[in-house]
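Right, one structure below, let's go through it.
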Amino acid sequence: GYLVSPGLKLQNKPLWLTLGPVAGLVFDKPNGFPYARKIRDGWTETTQTGVAYAVTHDGQNIKVFSDVCTQLVCRVAWHENREMFISPCHDGIFSIDGKVLGDPPPRPLDQFQTKIENGQLQILLA
């Protein structure tokens with residue numbers, strides 16, 4: 001049991017991660033927030049990294065998208081001059097609201113669950 005138990009334990013609990021102040025968000029433009037957290041899987045520890053893109057058109061309703069493409073799990077980036085997220089692996093294209101604009105991605109960008117606490121935007125990392 002001593003040798004096997006670390007591999008059986010649930011070691012990564014959901015975490016509310018603070019991105020930054022809501023007041024600092026730029027309207028009608030993705031606001032990128034890089035993040036990192038330690039992940040423990042049995043006996044190994046790795047770091048999960050990414051960029052959470054917060055989008056608001058009115059300062060009230062805020063959606064936060066993952067930067068992971070839904071096709072091949074590569075990282076999308078916002079291209080200001082084309083006003084779209086583009087996946088470098090296979091030219092998948094997503095709108096500012098995470099919707100698929102061009103094949104091959106099978107679905108929109110994943111959205112984080114969000115909350116605002118003390119004026120700070122937070123996302124749930126599961």
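Each chain in the structure tokens gets a letter, A, B and so on, in the order shown; residues start at 1 in every chain, and ligands are counted from 1 in the order they appear.
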Practice item. May I have all residues of chain A that DSSP, computed from the backbone, assigns to alpha helix (DSSP H), given as a list in words? Key: Ser5, Pro6, Gly7 and Leu8 of chain A
Practice item. Please provide the set of residues having any atom within 9 Å of Leu72 of chain A, restricted to only C-alpha atoms, with same-chain residues fewer than 6 positions apart removed, written as a PyMOL selection string. Key: chain A and resi 89-90+105
Check your understanding: Quick one: residues within 12 Å of Asp97 of chain A, only C-alpha atoms counted, chain neighbours fewer than 5 positions away excluded, as an MDAnalysis selection string?
Key -> chainID A and resid 28:30 53:57 61:66 78 83:85 108:111
Store the residues picked out above, limited to N, CA and C atoms, as a compact mmCIF listing (two decimals), in the first residue's frame.
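So the final result, stored in selection_16.txt, reads:
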```
# COMPACT_ATOMS: atom_id res chain seq x y z
N ASP A 28 -13.63 44.67 -26.21
CA ASP A 28 -13.60 44.22 -27.60
C ASP A 28 -12.22 43.76 -28.08
N LYS A 29 -11.42 43.24 -27.14
CA LYS A 29 -10.09 42.74 -27.48
C LYS A 29 -9.74 41.65 -26.47
N PRO A 30 -9.17 40.53 -26.90
CA PRO A 30 -8.76 39.51 -25.94
C PRO A 30 -7.65 40.04 -25.03
N TYR A 53 -7.59 33.82 -22.12
CA TYR A 53 -7.98 35.03 -22.85
C TYR A 53 -9.34 35.51 -22.37
N ALA A 54 -9.37 36.66 -21.71
CA ALA A 54 -10.62 37.26 -21.22
C ALA A 54 -11.14 38.24 -22.26
N VAL A 55 -12.43 38.10 -22.57
CA VAL A 55 -13.06 38.96 -23.57
C VAL A 55 -14.33 39.56 -22.97
N THR A 56 -14.47 40.87 -23.11
CA THR A 56 -15.70 41.55 -22.71
C THR A 56 -16.02 42.62 -23.74
N HIS A 57 -17.30 42.76 -24.01
CA HIS A 57 -17.74 43.80 -24.95
C HIS A 57 -18.40 44.96 -24.22
N ASN A 61 -20.26 41.45 -18.85
CA ASN A 61 -20.23 40.04 -19.23
C ASN A 61 -18.82 39.70 -19.71
N ILE A 62 -18.18 38.78 -19.02
CA ILE A 62 -16.80 38.42 -19.34
C ILE A 62 -16.74 36.92 -19.61
N LYS A 63 -16.16 36.56 -20.74
CA LYS A 63 -15.91 35.16 -21.06
C LYS A 63 -14.40 34.98 -21.09
N VAL A 64 -13.96 33.83 -20.58
CA VAL A 64 -12.53 33.55 -20.58
C VAL A 64 -12.30 32.23 -21.30
N PHE A 65 -11.45 32.27 -22.32
CA PHE A 65 -11.18 31.11 -23.16
C PHE A 65 -9.79 30.54 -22.92
N SER A 66 -9.70 29.24 -23.10
CA SER A 66 -8.41 28.55 -23.07
C SER A 66 -7.67 28.83 -24.37
N TRP A 78 -3.80 35.14 -30.45
CA TRP A 78 -4.61 36.20 -31.03
C TRP A 78 -3.76 36.98 -32.03
N GLU A 83 -7.72 39.96 -36.51
CA GLU A 83 -8.80 39.92 -35.52
C GLU A 83 -9.38 38.51 -35.37
N MET A 84 -8.47 37.55 -35.10
CA MET A 84 -8.90 36.17 -34.88
C MET A 84 -7.80 35.40 -34.16
N PHE A 85 -8.23 34.31 -33.50
CA PHE A 85 -7.28 33.38 -32.92
C PHE A 85 -6.89 32.40 -34.02
N PRO A 108 -15.80 24.96 -30.63
CA PRO A 108 -15.23 26.24 -30.19
C PRO A 108 -14.15 26.05 -29.12
N LEU A 109 -13.42 27.13 -28.86
CA LEU A 109 -12.43 27.11 -27.78
C LEU A 109 -13.14 26.83 -26.45
N ASP A 110 -12.49 26.09 -25.58
CA ASP A 110 -13.06 25.80 -24.27
C ASP A 110 -13.10 27.07 -23.43
N GLN A 111 -14.17 27.19 -22.65
CA GLN A 111 -14.34 28.34 -21.76
C GLN A 111 -14.08 27.91 -20.33
```
Point to revise | Shell around Arg75 of chain A at 9 Å using only C-alpha atoms, local window under 5 positions removed, as a ChimeraX atom specification | key: /A:50-51,66-69,86-89
What would the file look like if the residues just selected were written as a compact mmCIF listing (two decimals), in the first residue's frame with C-alpha atoms?
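Dumped everything to again-v5.txt:
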```txt
# COMPACT_ATOMS: atom_id res chain seq x y z
CA GLY A 50 -1.24 28.41 -20.60
CA VAL A 51 -2.82 31.71 -21.46
CA SER A 66 -8.41 28.55 -23.07
CA ASP A 67 -5.55 28.95 -25.53
CA VAL A 68 -5.64 25.23 -26.34
CA CYS A 69 -6.89 24.43 -29.84
CA ILE A 86 -5.12 31.16 -35.13
CA SER A 87 -3.76 27.71 -34.41
CA PRO A 88 -0.21 27.34 -35.77
CA CYS A 89 -0.46 23.53 -36.13
```
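Atom to atom, atom CA of Asn31 of chain A and atom CA of Leu19 of chain A stand 10.1 Å apart.
Of note, atom CA of Thr49 of chain A and atom CA of Gln122 of chain A are spaced 15.8 Å apart.
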Practice item. Write out as an NGL selection string each polymer residue whose atoms come within 7 Å of Ile123 of chain A, counting only C-alpha atoms; drop sequence neighbours fewer than 3 positions from it. Key: :A and (16-18 or 112-115)
Please write the residues from the selection above to a file, keeping N, CA, C and O atoms, as a CSV table (one decimal), in the first residue's frame.
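Saved as again_31.csv:
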```csv
chain,number,residue,atom,x,y,z
A,16,TRP,N,-9.1,28.0,-7.9
A,16,TRP,CA,-9.5,29.3,-8.4
A,16,TRP,C,-8.3,30.1,-8.5
A,16,TRP,O,-7.6,30.4,-7.6
A,17,LEU,N,-8.0,30.5,-9.7
A,17,LEU,CA,-6.8,31.3,-10.0
A,17,LEU,C,-7.2,32.7,-10.4
A,17,LEU,O,-8.0,32.9,-11.3
A,18,THR,N,-6.5,33.7,-9.7
A,18,THR,CA,-6.8,35.1,-10.0
A,18,THR,C,-6.0,35.5,-11.2
A,18,THR,O,-4.8,35.4,-11.2
A,112,PHE,N,-13.4,28.8,-19.6
A,112,PHE,CA,-13.2,28.6,-18.2
A,112,PHE,C,-14.5,29.0,-17.4
A,112,PHE,O,-15.1,30.0,-17.8
A,113,GLN,N,-14.8,28.4,-16.3
A,113,GLN,CA,-15.8,28.9,-15.3
A,113,GLN,C,-15.1,30.1,-14.7
A,113,GLN,O,-13.9,30.0,-14.3
A,114,THR,N,-15.8,31.2,-14.5
A,114,THR,CA,-15.3,32.4,-14.0
A,114,THR,C,-16.1,32.9,-12.8
A,114,THR,O,-17.3,32.5,-12.6
A,115,LYS,N,-15.4,33.8,-12.0
A,115,LYS,CA,-16.1,34.5,-11.0
A,115,LYS,C,-15.3,35.8,-10.7
A,115,LYS,O,-14.2,35.9,-11.1
```
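Atom CA of Gln71 of chain A lies 9.3 Å from atom CA of Asp103 of chain A.
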Practice item. Enumerate, as a ChimeraX atom specification, the complete set of residues in chain A that a backbone-based DSSP assignment places in strand (DSSP E). Key: /A:15-21,31-41,44-56,62-66,77-79,84-86,93-94,100-102,114-117,120-125
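Using only C-alpha atoms, the nearest neighbour of Ile39 of chain A within the list A:Leu101, A:Val22, A:Ala52, A:Ala126 is A:Ala126.
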